[in-house]
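final.cif (mmCIF, C-alpha atoms) appears below.
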```
data_query
#
loop_
_atom_site.label_atom_id
_atom_site.label_comp_id
_atom_site.auth_asym_id
_atom_site.auth_seq_id
_atom_site.Cartn_x
_atom_site.Cartn_y
_atom_site.Cartn_z
CA ASP A 1 7.63 -36.10 4.63
CA TYR A 2 7.77 -38.75 1.92
CA ASP A 3 11.08 -39.62 0.24
CA LYS A 4 11.88 -41.95 -2.60
CA GLY A 5 15.02 -42.53 -4.63
CA VAL A 6 15.92 -44.47 -7.74
CA PHE A 7 19.63 -45.19 -7.93
CA SER A 8 22.13 -47.13 -10.03
CA ARG A 9 25.69 -48.17 -9.18
CA GLN A 10 27.35 -49.26 -12.39
CA ALA A 11 30.50 -51.04 -11.19
CA THR A 12 29.16 -52.99 -8.22
CA GLY A 13 27.37 -55.86 -9.88
CA GLU A 14 24.05 -54.58 -8.57
CA SER A 15 21.02 -53.79 -10.71
CA ASP A 16 19.13 -50.54 -10.46
CA GLY A 17 17.56 -50.01 -7.06
CA TYR A 18 14.55 -48.27 -5.63
CA ARG A 19 13.87 -47.09 -2.11
CA ALA A 20 10.77 -45.42 -0.67
CA GLU A 21 10.05 -44.32 2.87
CA GLY A 22 7.88 -41.99 4.89
CA ARG A 23 9.28 -39.94 7.77
CA THR A 24 7.44 -38.16 10.53
CA ARG A 25 9.48 -35.72 12.58
CA LEU A 26 8.16 -34.25 15.81
CA PHE A 27 10.06 -31.18 17.02
CA ILE A 28 9.84 -30.31 20.71
CA ALA A 29 10.77 -26.95 22.22
CA GLY A 30 10.39 -25.63 25.73
CA GLU A 31 11.59 -22.72 27.82
CA VAL A 32 13.72 -23.61 30.84
CA ASN A 33 14.03 -19.96 31.91
CA PRO A 34 14.36 -16.62 30.07
CA ASP A 35 17.95 -17.48 29.04
CA TRP A 36 17.77 -21.23 28.34
CA THR A 37 15.60 -23.44 26.14
CA TYR A 38 15.33 -27.19 25.50
CA GLY A 39 14.93 -28.70 22.04
CA ALA A 40 14.45 -32.23 20.71
CA MET A 41 13.41 -34.14 17.60
CA ILE A 42 11.74 -37.55 17.46
CA GLU A 43 11.74 -39.29 14.08
CA ASN A 44 9.67 -42.22 12.84
CA THR A 45 10.63 -43.89 9.55
CA GLN A 46 8.28 -46.17 7.60
CA ASP A 47 9.68 -48.49 4.92
CA PHE A 48 7.30 -48.50 1.91
CA ASP A 49 9.24 -51.12 -0.07
CA THR A 50 7.62 -54.08 1.73
CA ASN A 51 4.30 -55.00 3.35
CA ALA A 52 6.05 -55.98 6.58
CA GLN A 53 5.18 -52.70 8.30
CA ASN A 54 8.86 -52.07 8.93
CA SER A 55 9.17 -49.02 11.14
CA GLU A 56 11.53 -47.44 13.64
CA THR A 57 11.24 -44.48 15.98
CA LYS A 58 14.30 -42.77 17.43
CA PHE A 59 15.17 -39.75 19.53
CA ARG A 60 17.38 -38.02 16.93
CA ARG A 61 18.12 -34.80 18.79
CA ALA A 62 18.06 -33.53 22.39
CA PHE A 63 19.88 -30.35 23.39
CA VAL A 64 19.79 -27.17 25.48
CA THR A 65 20.52 -23.65 24.20
CA GLY A 66 21.46 -20.67 26.31
CA ASN A 67 22.68 -17.08 26.00
CA LEU A 68 25.99 -16.16 27.62
CA GLY A 69 26.27 -12.40 27.57
CA SER A 70 25.82 -10.21 24.52
CA GLY A 71 25.94 -12.05 21.21
CA VAL A 72 27.14 -15.43 22.54
CA LYS A 73 24.92 -18.52 22.32
CA VAL A 74 25.76 -22.02 23.57
CA THR A 75 24.11 -25.24 22.36
CA ALA A 76 24.95 -28.54 24.07
CA GLY A 77 23.70 -32.08 23.43
CA ARG A 78 22.65 -34.25 20.49
CA GLN A 79 22.16 -31.71 17.70
CA TYR A 80 22.39 -30.94 13.97
CA PHE A 81 24.21 -28.07 12.30
CA LYS A 82 26.03 -27.26 9.08
CA ILE A 83 29.21 -25.27 8.58
CA GLY A 84 29.21 -23.26 5.35
CA ALA A 85 27.62 -25.15 2.47
CA GLY A 86 28.11 -28.58 4.09
CA ASN A 87 30.73 -29.70 1.54
CA VAL A 88 32.96 -30.82 4.42
CA ALA A 89 30.41 -31.54 7.09
CA ASP A 90 26.66 -31.74 7.59
CA LEU A 91 26.94 -32.67 11.24
CA THR A 92 24.66 -34.67 13.53
CA GLY A 93 26.06 -35.80 16.85
CA ASP A 94 26.83 -35.08 20.48
CA ALA A 95 28.45 -31.67 20.59
CA LEU A 96 29.12 -28.40 22.34
CA LYS A 97 28.65 -25.45 19.94
CA VAL A 98 29.24 -21.75 20.60
CA ASP A 99 27.92 -19.08 18.20
CA PHE A 100 29.27 -15.55 18.52
CA GLY A 101 29.74 -12.26 16.71
CA LYS A 102 27.48 -9.84 14.86
CA VAL A 103 29.60 -8.55 11.96
CA LEU A 104 32.16 -11.33 11.72
CA LYS A 105 30.04 -14.32 12.77
CA GLY A 106 31.70 -17.40 14.22
CA THR A 107 30.79 -20.95 15.24
CA ALA A 108 33.18 -22.96 17.42
CA PHE A 109 32.37 -26.59 18.20
CA ILE A 110 33.65 -29.88 19.56
CA GLY A 111 31.86 -33.21 19.42
CA ARG A 112 31.49 -36.74 18.10
CA PHE A 113 29.73 -37.08 14.76
CA ASP A 114 28.62 -39.71 12.26
CA SER A 115 31.29 -40.85 9.85
CA ASP A 116 31.06 -40.32 6.07
CA ASN A 117 33.30 -43.34 5.74
CA GLY A 118 30.68 -45.86 4.62
CA ILE A 119 32.89 -48.81 5.51
CA THR A 120 31.91 -49.23 9.14
CA SER A 121 28.72 -47.80 10.57
CA ALA A 122 30.28 -47.92 14.06
CA ALA A 123 32.88 -45.26 13.21
CA ARG A 124 32.11 -41.89 14.75
CA ASN A 125 34.59 -39.06 14.26
CA ASP A 126 35.77 -36.86 17.10
CA VAL A 127 35.86 -33.41 15.51
CA TYR A 128 36.47 -29.87 16.67
CA GLY A 129 36.57 -26.76 14.58
CA LEU A 130 35.73 -23.15 13.84
CA GLY A 131 33.57 -21.62 11.11
CA LEU A 132 33.52 -17.94 10.16
CA ALA A 133 31.10 -15.93 8.01
CA TYR A 134 31.37 -12.32 6.87
CA ASP A 135 29.25 -10.11 4.58
CA PHE A 136 31.34 -7.59 2.60
CA ASP A 137 28.07 -5.97 1.52
CA LYS A 138 24.47 -7.07 0.89
CA ASN A 139 25.48 -9.11 -2.18
CA PHE A 140 29.05 -10.33 -1.57
CA TYR A 141 29.94 -12.68 1.28
CA MET A 142 32.49 -15.25 2.46
CA ASN A 143 32.73 -18.39 4.59
CA ALA A 144 35.84 -20.03 6.02
CA ALA A 145 36.32 -23.00 8.33
CA ALA A 146 38.88 -25.31 9.91
CA PHE A 147 38.17 -28.85 11.14
CA SER A 148 40.34 -31.26 13.10
CA VAL A 149 39.38 -34.96 12.90
CA ASP A 150 40.42 -37.67 15.39
CA ASP A 151 40.02 -41.30 14.25
CA ASN A 152 38.59 -42.25 17.67
CA GLY A 153 40.34 -45.63 17.43
CA TYR A 154 38.83 -46.67 14.06
CA SER A 155 41.38 -47.61 11.40
CA ALA A 156 38.95 -46.64 8.61
CA VAL A 157 38.88 -42.97 9.74
CA THR A 158 41.85 -40.74 8.88
CA ASP A 159 43.29 -38.28 11.40
CA ARG A 160 43.48 -34.98 9.53
CA GLU A 161 42.86 -31.25 9.41
CA ILE A 162 40.52 -29.82 6.77
CA TYR A 163 40.33 -26.18 5.70
CA SER A 164 37.70 -24.52 3.53
CA ALA A 165 37.21 -21.05 2.07
CA GLY A 166 34.25 -19.91 0.01
CA LEU A 167 32.91 -16.80 -1.72
CA GLY A 168 29.33 -16.09 -2.67
CA TYR A 169 27.67 -13.41 -4.78
CA LYS A 170 24.00 -12.47 -5.21
CA PHE A 171 23.49 -11.06 -8.69
CA ASP A 172 19.96 -9.92 -7.82
CA LYS A 173 17.13 -11.05 -5.55
CA ASN A 174 16.74 -14.28 -7.54
CA THR A 175 20.15 -15.48 -8.72
CA SER A 176 23.27 -16.35 -6.72
CA ILE A 177 26.52 -18.30 -7.03
CA TYR A 178 28.74 -19.81 -4.34
CA GLY A 179 32.13 -21.47 -4.75
CA GLU A 180 34.24 -23.21 -2.11
CA TYR A 181 37.80 -24.55 -2.07
CA LEU A 182 38.72 -27.37 0.34
CA LYS A 183 42.13 -28.62 1.49
CA SER A 184 43.09 -31.57 3.71
CA SER A 185 46.33 -32.21 5.56
CA GLU A 186 46.25 -35.85 4.37
CA ASN A 187 46.04 -37.53 0.97
CA ASP A 188 43.36 -40.03 0.03
CA THR A 189 44.25 -43.41 -1.52
CA GLN A 190 44.94 -41.76 -4.89
CA GLY A 191 47.19 -39.01 -3.52
CA ASN A 192 44.60 -36.22 -3.67
CA ASP A 193 44.18 -33.77 -0.80
CA ASP A 194 41.95 -30.95 -2.05
CA GLY A 195 38.82 -30.13 -4.02
CA PHE A 196 36.14 -27.60 -4.83
CA ALA A 197 32.37 -27.22 -5.19
CA VAL A 198 30.31 -24.57 -7.03
CA THR A 199 26.56 -23.94 -6.73
CA LEU A 200 24.35 -21.77 -8.93
CA ALA A 201 20.89 -21.10 -7.47
CA TYR A 202 17.77 -19.39 -8.81
CA LYS A 203 14.92 -18.20 -6.60
CA GLY A 204 13.78 -20.64 -3.88
CA ALA A 205 10.60 -22.40 -2.84
CA LYS A 206 9.10 -21.03 0.38
CA ALA A 207 7.07 -23.59 2.30
CA ALA A 208 4.71 -20.96 3.73
CA LYS A 209 3.91 -19.41 0.33
CA ALA A 210 2.12 -21.39 -2.40
CA ASP A 211 3.36 -21.29 -6.01
CA THR A 212 6.91 -20.27 -5.10
CA TRP A 213 9.72 -22.26 -6.66
CA GLY A 214 13.47 -22.51 -7.01
CA ALA A 215 16.19 -24.43 -8.81
CA TYR A 216 19.90 -25.11 -8.33
CA ALA A 217 22.89 -26.88 -9.88
CA THR A 218 26.08 -27.94 -8.06
CA TYR A 219 29.34 -29.39 -9.35
CA TYR A 220 31.72 -31.26 -6.99
CA ASP A 221 35.33 -32.38 -7.37
CA GLN A 222 36.57 -33.42 -3.92
CA ALA A 223 39.22 -35.74 -2.49
CA ALA A 224 37.88 -38.24 0.04
CA THR A 225 39.86 -36.65 2.88
CA THR A 226 38.06 -33.30 2.42
CA MET A 227 34.78 -34.88 3.58
CA ILE A 228 33.58 -35.79 7.06
CA ASP A 229 29.84 -36.18 6.43
CA HIS A 230 28.96 -34.56 3.11
CA ALA A 231 25.61 -32.75 2.80
CA SER A 232 24.69 -34.15 -0.63
CA GLU A 233 22.08 -36.91 -0.77
CA GLY A 234 24.01 -38.28 -3.77
CA ILE A 235 26.47 -39.82 -1.32
CA GLY A 236 23.91 -40.81 1.28
CA ASP A 237 24.10 -43.82 3.60
CA MET A 238 23.80 -46.44 0.85
CA GLU A 239 26.41 -44.82 -1.41
CA LYS A 240 29.17 -43.71 0.99
CA ALA A 241 31.46 -46.72 0.57
CA TYR A 242 31.76 -46.12 -3.18
CA PHE A 243 33.36 -42.70 -2.63
CA ALA A 244 35.09 -43.27 0.72
CA SER A 245 38.63 -43.89 -0.52
CA SER A 246 38.98 -41.75 -3.65
CA GLY A 247 36.45 -38.94 -3.36
CA ILE A 248 33.70 -37.69 -5.67
CA LYS A 249 33.40 -35.96 -9.01
CA GLY A 250 30.07 -35.02 -10.54
CA TYR A 251 26.99 -32.87 -10.31
CA GLU A 252 23.51 -32.55 -8.90
CA VAL A 253 20.56 -30.48 -10.10
CA GLY A 254 17.26 -29.90 -8.36
CA VAL A 255 14.01 -27.99 -8.33
CA GLY A 256 11.45 -27.26 -5.61
CA TYR A 257 7.86 -26.05 -5.86
CA THR A 258 5.33 -25.21 -3.14
CA LEU A 259 2.09 -26.93 -4.18
CA ALA A 260 0.08 -25.34 -1.39
CA LYS A 261 0.91 -23.62 1.87
CA ASN A 262 3.25 -25.90 3.83
CA VAL A 263 3.28 -28.57 1.08
CA LEU A 264 6.67 -28.60 -0.65
CA ALA A 265 7.63 -30.89 -3.57
CA GLU A 266 11.31 -31.35 -4.48
CA VAL A 267 13.11 -33.38 -7.14
CA SER A 268 16.88 -33.77 -7.51
CA TYR A 269 19.10 -35.74 -9.87
CA TYR A 270 22.63 -36.86 -8.95
CA ASP A 271 25.40 -38.08 -11.27
CA PHE A 272 28.52 -38.89 -9.24
CA GLU A 273 31.69 -40.82 -10.07
CA ASN A 274 34.52 -42.10 -7.94
CA LYS A 275 37.11 -39.35 -8.45
CA GLU A 276 39.81 -41.73 -9.76
CA ASN A 277 37.69 -44.52 -11.26
CA SER A 278 34.83 -43.35 -13.46
CA SER A 279 33.51 -46.91 -13.81
CA ILE A 280 32.35 -46.64 -10.18
CA ASP A 281 29.46 -44.23 -10.28
CA ASN A 282 26.10 -43.48 -8.78
CA ASN A 283 23.12 -42.00 -10.61
CA MET A 284 20.12 -41.22 -8.48
CA LEU A 285 16.76 -39.51 -8.87
CA TRP A 286 15.52 -38.28 -5.52
CA SER A 287 12.00 -36.95 -4.92
CA ARG A 288 10.52 -35.62 -1.70
CA LEU A 289 7.12 -34.31 -0.64
CA THR A 290 7.13 -32.48 2.69
CA PHE A 291 4.09 -31.50 4.78
CA SER A 292 4.91 -29.11 7.64
CA PHE A 293 2.67 -27.85 10.42
#
```

Could you rewrite the structure in this file as structure tokens?
Amino acid sequence: DYDKGVFSRQATGESDGYRAEGRTRLFIAGEVNPDWTYGAMIENTQDFDTNAQNSETKFRRAFVTGNLGSGVKVTAGRQYFKIGAGNVADLTGDALKVDFGKVLKGTAFIGRFDSDNGITSAARNDVYGLGLAYDFDKNFYMNAAAFSVDDNGYSAVTDREIYSAGLGYKFDKNTSIYGEYLKSSENDTQGNDDGFAVTLAYKGAKAAKADTWGAYATYYDQAATTMIDHASEGIGDMEKAYFASSGIKGYEVGVGYTLAKNVLAEVSYYDFENKENSSIDNNMLWSRLTFSF
């Protein structure tokens, strides 16, 4: 896919910035036996901002997945997964994950994951937790989760427990809303320990079907200690330090459209502020064109 972002940080002394890159991801899957499979992902990133042919290729994921009895699945190794809406954690790391249940669905995990801290790239959180999902009916559903974070010896990471509970409702086949409340056992630097996020979504672009489209809007108000590695691109790698101590407050809106089969175009706009200091903010326009095959 091809990503580019235009961003501005108003209280940092930096001028507006621009970043463009191309990513190629190769997914590998193979059957070990009827009960176990192997999966991996190799990623190459090209920097389009210079003519220096800057490029890197990394093995981003490598894991095995197996079935243990009826309705229990184990995944072990370097992997990616998201609990709930990703407002606490959009996790990539070395982990053991167990999925279970058919009516009340659960995900239990333990592992070491990238930090959302933004102050030191070496910090990797030791985290274990449990996520639950339940459908009351075909339109009304809930998610709940608990996370325990170990600082792993890094002073910039806070030992804490984080709890989340969310409710979602589908008004019809096109429109839905989801809201989530988050609570931490520790305060951030401004004394805050909780937060919430609400998303309104309409339709959705399907990569395999041309001319489909969708749009969404999300509002966030979260203390820093309610986040491990937030899913929003608005606090991506270059922006994490600006929200690491006092959390985020702001919104994102986006739209996606399938130009042709397996060609998906997406545009999102982010307007985030440091929760306790509105002069520290980040505005970013993010566009992405994805080719899948």

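CA of Asp94 in chain A sits 10.5 Å away from CA of Arg60 in chain A.
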
Q: Using only C-alpha atoms, give me every residue within 9 Å of (32.8, -22.7, 9.9) in file coordinates, as a ChimeraX atom specification.
A: /A:82-84,106-108,129-133,143-147,164

Q.
List as a PyMOL selection string the residues having at least one atom at most 9 Å from position (6.8, -32.3, 1.0) as given in the file, counting all atoms listed in the file.
A. chain A and resi 1-3+207+258-259+262-266+288-292

Output file for the residues above (C-alpha atoms, as a compact mmCIF listing (two decimals), in the coordinates of the input):
```txt
# COMPACT_ATOMS: atom_id res chain seq x y z
CA ASP A 1 7.63 -36.10 4.63
CA TYR A 2 7.77 -38.75 1.92
CA ASP A 3 11.08 -39.62 0.24
CA ALA A 207 7.07 -23.59 2.30
CA THR A 258 5.33 -25.21 -3.14
CA LEU A 259 2.09 -26.93 -4.18
CA ASN A 262 3.25 -25.90 3.83
CA VAL A 263 3.28 -28.57 1.08
CA LEU A 264 6.67 -28.60 -0.65
CA ALA A 265 7.63 -30.89 -3.57
CA GLU A 266 11.31 -31.35 -4.48
CA ARG A 288 10.52 -35.62 -1.70
CA LEU A 289 7.12 -34.31 -0.64
CA THR A 290 7.13 -32.48 2.69
CA PHE A 291 4.09 -31.50 4.78
CA SER A 292 4.91 -29.11 7.64
```

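The closest residue to Val74 in chain A, picked from A:Thr199, A:Thr212, A:Gln222, A:Thr37 and counting only C-alpha atoms, is A:Thr37.
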
Q.
Suppose a student applies the PyMOL selection byres ((chain A and resi 97) around 8) to this structure; what residues should they get, written as a ChimeraX atom specification?
A. /A:74-76,95-96,98-99,107-110

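Using only C-alpha atoms, the shortest contact distance between Thr57 in chain A and any of A:Ala20, A:Ile42, A:Leu104, A:Ala224 is found at A:Ile42.
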
Q: For the file shown, report as a list of chain:residue names the outcome of the PyMOL selection byres ((chain A and resi 178) around 8) at residue level.
A: A:Gly166, A:Leu167, A:Gly168, A:Tyr169, A:Ser176, A:Ile177, A:Gly179, A:Glu180, A:Val198, A:Thr199, A:Leu200

(Q) If we count all atoms listed in the file and set the cut-off at 8 Å, which residues sit around Gly101 in chain A, ignoring sequence neighbours fewer than 4 positions away in its own chain? Please answer as a count of residues only. (A) 4

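Comparing the minimum interatomic distances between Ala215 in chain A and each of A:Asn174, A:Ser55, A:Asn283, A:Thr24, counting only C-alpha atoms, we find that A:Asn174 sits nearest.
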